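S.K.: Let me begin by handing over the structure; questions about it come next.
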Number of protein chains: 2
Amino acid sequence: MPKIIDHEKRREQIAEATWRVIVEQGMEGATVRGIAKEAGLSLGALRHYFATQDELLMYAMQLVKERAIARIAEIHANEEWAPKEKITKIFLELLPTNQEKMIEMEVWFAFTVYFRHKKEGFDAQHDGIYAGVRKLLDSADQLNLLRKELDKEMEAEKLYAVIDGLALHAYLEPQRVNGEWITKVLEHHLASLFH
Amino acid sequence: MPKIIDHEKRREQIAEATWRVIVEQGMEGATVRGIAKEAGLSLGALRHYFATQDELLMYAMQLVKERAIARIAEIHANEEWAPKEKITKIFLELLPTNQEKMIEMEVWFAFTVYFRHKKEGFDAQHDGIYAGVRKLLDSADQLNLLRKELDKEMEAEKLYAVIDGLALHAYLEPQRVNGEWITKVLEHHLASLFH
DNA sequence: GTTTTTATAATACAACTGTGCTAACAAAAA
DNA sequence: TTTTTGTTAGCACAGTTGTATTATAAAAAC
């Protein structure tokens, strides 16, 4: 064999190159040739790690999701924060408050719109986020952190909407809706739920 | 001359055919040939009304915006409603509560992601919506409809986020987040602002 | 050193893209 | 009827796409 290559690591490098192409040129630039060039590989080399373009894009999208889940799990596992603080941090993790998350969101958006008409039942990926928000709000209630008069189903939906609405606006108007501002807005909203 | 054709009307028909193609196949299906077929025209005929694909797509996107603005202006001009009622109706008009608006949102999303890396300063289109929300909230305040302790800048941003967050979730999870539900959620939120 | 196996590179090909061009067509005007 | 002109259809062309195929290089195994 030639230089032994860690296949999984190489696939992640290619996926990250795919992200960069999408951020800079959009989905139209995410051709196998464009991605290969960004990754510094030839067409044949790229094809050695991903048999088809579809497989590559699916992998690149899945990796976005895994990275985000891993970050949230890390916060969840940390025991040094008070419950209210930890819950706040998790919700804030869903907002694009830094460049890394901004890139992930941009890529996630592009993939979502792209795969919507290509894979059936693809958007089933998002049910999980609402369920997570609902669960976290429930756990906050069990810890007696929430104001009692709240309609929990309604507030879960509103909180979920505020989070993704802020994310969408950060995507559309990054100069006005920046990281500090959306942090402040979300914290203000959470303060209206806690007592 | 042959049968005189109303060019502007024909262009609108073609734009609507473009919408249908995008709803069914996404931006990847919005080729000049695909649109011509959906519109029931030949390639040459299509090219007679739009010299380039870019011109066609820009026109189709602009038409989405114009239709939405026209609907809101119509509500605004109607004098039979009380101020609070009218303001509520306008905000509700921004949500995809029926099939027509659902289609417009789907198309608007596809165009937004598509043009983002093709036209500079394109997303400047959205500054207008936030400004409108802010303005409408200010007018509500001048009519003494709002609770006094509210941080108006903050609440404008939150309301704007709730609206677009709900719209996004209706796009992603149409079965769970349907028209009736998002109407209820937005009305609940507005009730928390009014007194 | 020879063989085997893996990685990379280069080329080829069929399909599809946007757009240019030209001839035919149809109906109003002369 | 003839002319004129807006309208339409069809083909051609160059460029790009995803993917298949083949050849080459290099490290490991024997």
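Identifiers in the structure tokens: chain A, B, ... in order shown; residue index from 1 per chain; ligand index from 1 in order shown.
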Please provide as a PyMOL selection string all residues within 7 Å of range 8-22 of chain C, with the sequence filter that same-chain residues fewer than 2 positions apart are discarded (counting only C-alpha atoms (C1' of nucleotides)).

M.R.: chain A and resi 42+44-45

S.K.: Taking a cut-off of 6 Å and counting only C-alpha atoms, can you build a table that, for each residue of chain A near chain B, reports the nearest atom pair and how far apart they are in Å (one decimal), sorted by chain then residue number, as JSON lines?

M.R.:
{"residue": "A:Gln25", "atom": "CA", "partner": "B:His117", "partner_atom": "CA", "distance": 5.5}
{"residue": "A:Gly26", "atom": "CA", "partner": "B:His117", "partner_atom": "CA", "distance": 5.7}
{"residue": "A:His117", "atom": "CA", "partner": "B:Gln25", "partner_atom": "CA", "distance": 5.5}
{"residue": "A:Ala161", "atom": "CA", "partner": "B:Gly165", "partner_atom": "CA", "distance": 4.0}
{"residue": "A:Val162", "atom": "CA", "partner": "B:Val162", "partner_atom": "CA", "distance": 4.9}
{"residue": "A:Asp164", "atom": "CA", "partner": "B:Gly165", "partner_atom": "CA", "distance": 5.2}
{"residue": "A:Gly165", "atom": "CA", "partner": "B:Gly165", "partner_atom": "CA", "distance": 3.8}
{"residue": "A:Leu166", "atom": "CA", "partner": "B:Ala161", "partner_atom": "CA", "distance": 5.3}

S.K.: CA of Phe91 in chain B to CA of Ser192 in chain A: how many Å, to one decimal?

M.R.: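 These atoms are spaced 22.0 Å apart.
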
S.K.: As number ranges by chain, could you give me every residue of chain D near chain B (at most 7 Å apart, counting only C-alpha atoms (C1' of nucleotides))?

M.R.: D: 5-9

S.K.: Which residues come within 12 Å of DA30 in chain C, counting only C-alpha atoms (C1' of nucleotides), excluding same-chain residues fewer than 3 positions away, as a list of chain:residue names?

M.R.: D:DT1, D:DT2, D:DT3, D:DT4

S.K.: Please save N, CA and C atoms (P, O5', C5', C4', C3', O3' and C1' of nucleotides) of the selected residues as a tab-separated table (two decimals), in the first residue's frame.

M.R.:
chain	number	residue	atom	x	y	z
D	1	DT	P	-56.98	35.56	-52.29
D	1	DT	O5'	-55.80	36.55	-52.68
D	1	DT	C5'	-56.22	37.92	-52.94
D	1	DT	C4'	-54.98	38.75	-53.25
D	1	DT	C3'	-53.63	38.13	-52.91
D	1	DT	O3'	-52.64	38.70	-53.76
D	1	DT	C1'	-54.06	39.92	-51.41
D	2	DT	P	-51.13	38.02	-53.82
D	2	DT	O5'	-50.28	39.07	-53.00
D	2	DT	C5'	-50.24	40.43	-53.44
D	2	DT	C4'	-49.65	41.32	-52.35
D	2	DT	C3'	-48.29	40.86	-51.81
D	2	DT	O3'	-47.38	41.94	-51.93
D	2	DT	C1'	-49.79	41.36	-50.03
D	3	DT	P	-45.84	41.71	-51.65
D	3	DT	O5'	-45.66	42.47	-50.27
D	3	DT	C5'	-46.17	43.80	-50.14
D	3	DT	C4'	-46.21	44.21	-48.68
D	3	DT	C3'	-44.90	43.97	-47.93
D	3	DT	O3'	-44.47	45.20	-47.37
D	3	DT	C1'	-46.77	43.16	-46.69
D	4	DT	P	-43.06	45.33	-46.67
D	4	DT	O5'	-43.46	45.31	-45.12
D	4	DT	C5'	-44.59	46.08	-44.69
D	4	DT	C4'	-44.95	45.69	-43.26
D	4	DT	C3'	-43.75	45.48	-42.34
D	4	DT	O3'	-43.93	46.25	-41.16
D	4	DT	C1'	-45.24	43.64	-42.19

S.K.: If you run DSSP over the backbone, which residues in chain B end up alpha helix (DSSP H)? Put them as a ChimeraX atom specification.

M.R.: /B:7-25,32-39,43-49,53-77,83-93,99-115,127-142,152-172,179-193

S.K.: Keeping only C-alpha atoms, write the selected residues as a tab-separated table (two decimals), in the first residue's frame.

M.R.:
chain	number	residue	atom	x	y	z
B	7	HIS	CA	-46.15	40.93	-22.24
B	8	GLU	CA	-46.44	41.74	-18.58
B	9	LYS	CA	-49.20	39.22	-18.07
B	10	ARG	CA	-47.22	36.56	-19.93
B	11	ARG	CA	-44.19	37.28	-17.79
B	12	GLU	CA	-46.28	36.77	-14.68
B	13	GLN	CA	-47.59	33.47	-16.01
B	14	ILE	CA	-44.03	32.34	-16.65
B	15	ALA	CA	-42.99	33.45	-13.17
B	16	GLU	CA	-45.82	31.44	-11.66
B	17	ALA	CA	-44.75	28.41	-13.67
B	18	THR	CA	-41.28	28.97	-12.22
B	19	TRP	CA	-42.75	28.90	-8.72
B	20	ARG	CA	-44.48	25.60	-9.40
B	21	VAL	CA	-41.27	24.06	-10.69
B	22	ILE	CA	-39.37	25.23	-7.63
B	23	VAL	CA	-42.03	23.93	-5.24
B	24	GLU	CA	-41.98	20.52	-6.89
B	25	GLN	CA	-38.33	20.08	-7.80
B	32	VAL	CA	-34.90	27.23	-18.69
B	33	ARG	CA	-36.09	24.01	-20.30
B	34	GLY	CA	-37.94	22.85	-17.22
B	35	ILE	CA	-39.68	26.20	-16.78
B	36	ALA	CA	-40.57	26.39	-20.47
B	37	LYS	CA	-42.15	22.95	-20.28
B	38	GLU	CA	-44.14	23.82	-17.14
B	39	ALA	CA	-45.31	27.05	-18.79
B	43	LEU	CA	-37.37	27.35	-25.45
B	44	GLY	CA	-37.46	30.08	-28.07
B	45	ALA	CA	-40.81	31.42	-26.89
B	46	LEU	CA	-39.59	31.62	-23.32
B	47	ARG	CA	-36.50	33.44	-24.43
B	48	HIS	CA	-38.72	35.96	-26.18
B	49	TYR	CA	-39.99	37.17	-22.82
B	53	GLN	CA	-32.29	32.82	-17.01
B	54	ASP	CA	-31.04	35.31	-14.48
B	55	GLU	CA	-33.57	37.91	-15.59
B	56	LEU	CA	-36.35	35.34	-15.29
B	57	LEU	CA	-35.40	34.24	-11.78
B	58	MET	CA	-34.94	37.78	-10.53
B	59	TYR	CA	-38.36	38.68	-11.89
B	60	ALA	CA	-39.96	35.60	-10.33
B	61	MET	CA	-38.47	36.45	-6.95
B	62	GLN	CA	-39.47	40.10	-7.18
B	63	LEU	CA	-43.03	39.05	-7.95
B	64	VAL	CA	-43.21	37.07	-4.71
B	65	LYS	CA	-42.27	40.17	-2.79
B	66	GLU	CA	-44.72	42.39	-4.67
B	67	ARG	CA	-47.63	40.04	-4.09
B	68	ALA	CA	-46.93	39.95	-0.36
B	69	ILE	CA	-46.57	43.72	-0.12
B	70	ALA	CA	-49.80	44.19	-2.04
B	71	ARG	CA	-51.71	41.97	0.39
B	72	ILE	CA	-50.39	43.86	3.40
B	73	ALA	CA	-51.15	47.22	1.79
B	74	GLU	CA	-54.70	46.02	1.21
B	75	ILE	CA	-55.14	45.24	4.90
B	76	HIS	CA	-53.56	48.53	5.82
B	77	ALA	CA	-55.98	50.45	3.60
B	83	PRO	CA	-56.42	49.37	15.44
B	84	LYS	CA	-55.53	46.32	17.51
B	85	GLU	CA	-57.39	44.06	15.12
B	86	LYS	CA	-55.75	45.55	12.07
B	87	ILE	CA	-52.26	45.28	13.55
B	88	THR	CA	-52.90	41.66	14.41
B	89	LYS	CA	-54.10	40.92	10.89
B	90	ILE	CA	-51.01	42.47	9.39
B	91	PHE	CA	-48.67	40.39	11.53
B	92	LEU	CA	-50.69	37.27	10.74
B	93	GLU	CA	-50.32	38.05	7.05
B	99	GLN	CA	-51.46	27.29	0.62
B	100	GLU	CA	-50.80	30.45	-1.36
B	101	LYS	CA	-48.49	31.87	1.29
B	102	MET	CA	-46.94	28.46	1.88
B	103	ILE	CA	-45.92	28.33	-1.78
B	104	GLU	CA	-44.60	31.88	-1.66
B	105	MET	CA	-42.51	31.06	1.40
B	106	GLU	CA	-41.11	27.92	-0.16
B	107	VAL	CA	-40.12	29.86	-3.26
B	108	TRP	CA	-38.80	32.77	-1.26
B	109	PHE	CA	-36.60	30.42	0.76
B	110	ALA	CA	-35.22	28.72	-2.31
B	111	PHE	CA	-34.47	32.06	-3.98
B	112	THR	CA	-32.88	33.51	-0.85
B	113	VAL	CA	-30.43	30.66	-0.50
B	114	TYR	CA	-29.82	30.61	-4.26
B	115	PHE	CA	-29.17	34.31	-4.81
B	127	ASP	CA	-34.17	45.08	6.35
B	128	GLY	CA	-37.55	46.27	5.23
B	129	ILE	CA	-39.45	43.62	7.16
B	130	TYR	CA	-37.77	44.41	10.47
B	131	ALA	CA	-38.32	48.12	9.91
B	132	GLY	CA	-41.98	47.39	9.23
B	133	VAL	CA	-42.39	45.34	12.40
B	134	ARG	CA	-40.70	48.08	14.40
B	135	LYS	CA	-42.90	50.75	12.86
B	136	LEU	CA	-46.10	48.81	13.46
B	137	LEU	CA	-45.14	48.22	17.08
B	138	ASP	CA	-44.39	51.92	17.50
B	139	SER	CA	-47.76	52.87	16.12
B	140	ALA	CA	-49.37	50.40	18.53
B	141	ASP	CA	-47.52	52.12	21.35
B	142	GLN	CA	-48.69	55.56	20.27
B	152	LYS	CA	-39.67	48.13	22.68
B	153	GLU	CA	-36.47	47.44	20.76
B	154	MET	CA	-36.18	44.06	22.44
B	155	GLU	CA	-39.82	43.18	21.88
B	156	ALA	CA	-39.66	44.17	18.22
B	157	GLU	CA	-36.74	41.84	17.73
B	158	LYS	CA	-38.48	39.02	19.61
B	159	LEU	CA	-41.74	39.46	17.72
B	160	TYR	CA	-39.87	39.49	14.43
B	161	ALA	CA	-38.08	36.31	15.50
B	162	VAL	CA	-41.30	34.60	16.57
B	163	ILE	CA	-42.91	35.38	13.22
B	164	ASP	CA	-40.07	34.11	11.07
B	165	GLY	CA	-39.33	31.23	13.43
B	166	LEU	CA	-42.90	30.02	13.13
B	167	ALA	CA	-42.71	30.44	9.36
B	168	LEU	CA	-39.51	28.44	9.24
B	169	HIS	CA	-40.99	25.66	11.32
B	170	ALA	CA	-44.12	25.57	9.18
B	171	TYR	CA	-41.73	25.07	6.26
B	172	LEU	CA	-39.77	22.33	8.01
B	179	GLY	CA	-51.77	27.22	9.91
B	180	GLU	CA	-54.15	27.08	12.86
B	181	TRP	CA	-51.42	26.40	15.35
B	182	ILE	CA	-49.07	29.19	14.25
B	183	THR	CA	-52.03	31.59	14.24
B	184	LYS	CA	-52.78	30.64	17.82
B	185	VAL	CA	-49.16	30.96	18.89
B	186	LEU	CA	-48.71	34.38	17.32
B	187	GLU	CA	-51.98	35.65	18.80
B	188	HIS	CA	-50.84	34.39	22.19
B	189	HIS	CA	-47.61	36.29	21.83
B	190	LEU	CA	-49.32	39.49	20.74
B	191	ALA	CA	-51.66	39.17	23.72
B	192	SER	CA	-48.60	39.20	25.98
B	193	LEU	CA	-47.61	42.56	24.47

S.K.: Could the residues of chain C within 6 Å of chain B, counting only C-alpha atoms (C1' of nucleotides), be given as number ranges by chain, please?

M.R.: C: 26-28

S.K.: Go ahead and write the selection's residues with N, CA and C atoms (P, O5', C5', C4', C3', O3' and C1' of nucleotides) as a short mmCIF file (atom, residue, chain, number, x, y, z; two decimals), in the first residue's frame.

M.R.:
data_model
loop_
_atom_site.label_atom_id
_atom_site.label_comp_id
_atom_site.auth_asym_id
_atom_site.auth_seq_id
_atom_site.Cartn_x
_atom_site.Cartn_y
_atom_site.Cartn_z
P DA C 26 -49.72 28.85 -38.56
"O5'" DA C 26 -50.24 30.20 -37.90
"C5'" DA C 26 -49.82 30.54 -36.58
"C4'" DA C 26 -50.17 31.98 -36.29
"C3'" DA C 26 -51.51 32.42 -36.89
"O3'" DA C 26 -52.17 33.25 -35.96
"C1'" DA C 26 -49.79 33.83 -37.68
P DA C 27 -53.81 33.26 -36.00
"O5'" DA C 27 -54.08 34.83 -36.02
"C5'" DA C 27 -53.51 35.65 -35.01
"C4'" DA C 27 -53.13 36.99 -35.58
"C3'" DA C 27 -54.27 37.77 -36.24
"O3'" DA C 27 -54.26 39.09 -35.76
"C1'" DA C 27 -52.41 37.74 -37.64
P DA C 28 -55.71 39.80 -35.49
"O5'" DA C 28 -55.35 41.33 -35.74
"C5'" DA C 28 -54.35 41.96 -34.96
"C4'" DA C 28 -53.44 42.80 -35.83
"C3'" DA C 28 -54.12 43.98 -36.55
"O3'" DA C 28 -53.37 45.15 -36.33
"C1'" DA C 28 -52.86 42.70 -38.09
#

S.K.: Could you work out how far CA of Asn178 in chain B lies from CA of Trp81 in chain B, giving the answer in Å with one decimal?

M.R.: 25.8 Å

S.K.: Which value, in Å to one decimal, gives the distance between CA of Ala82 in chain B and CA of His195 in chain B?

M.R.: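 Result for CA of Ala82 in chain B versus CA of His195 in chain B: 14.9 Å, one decimal.
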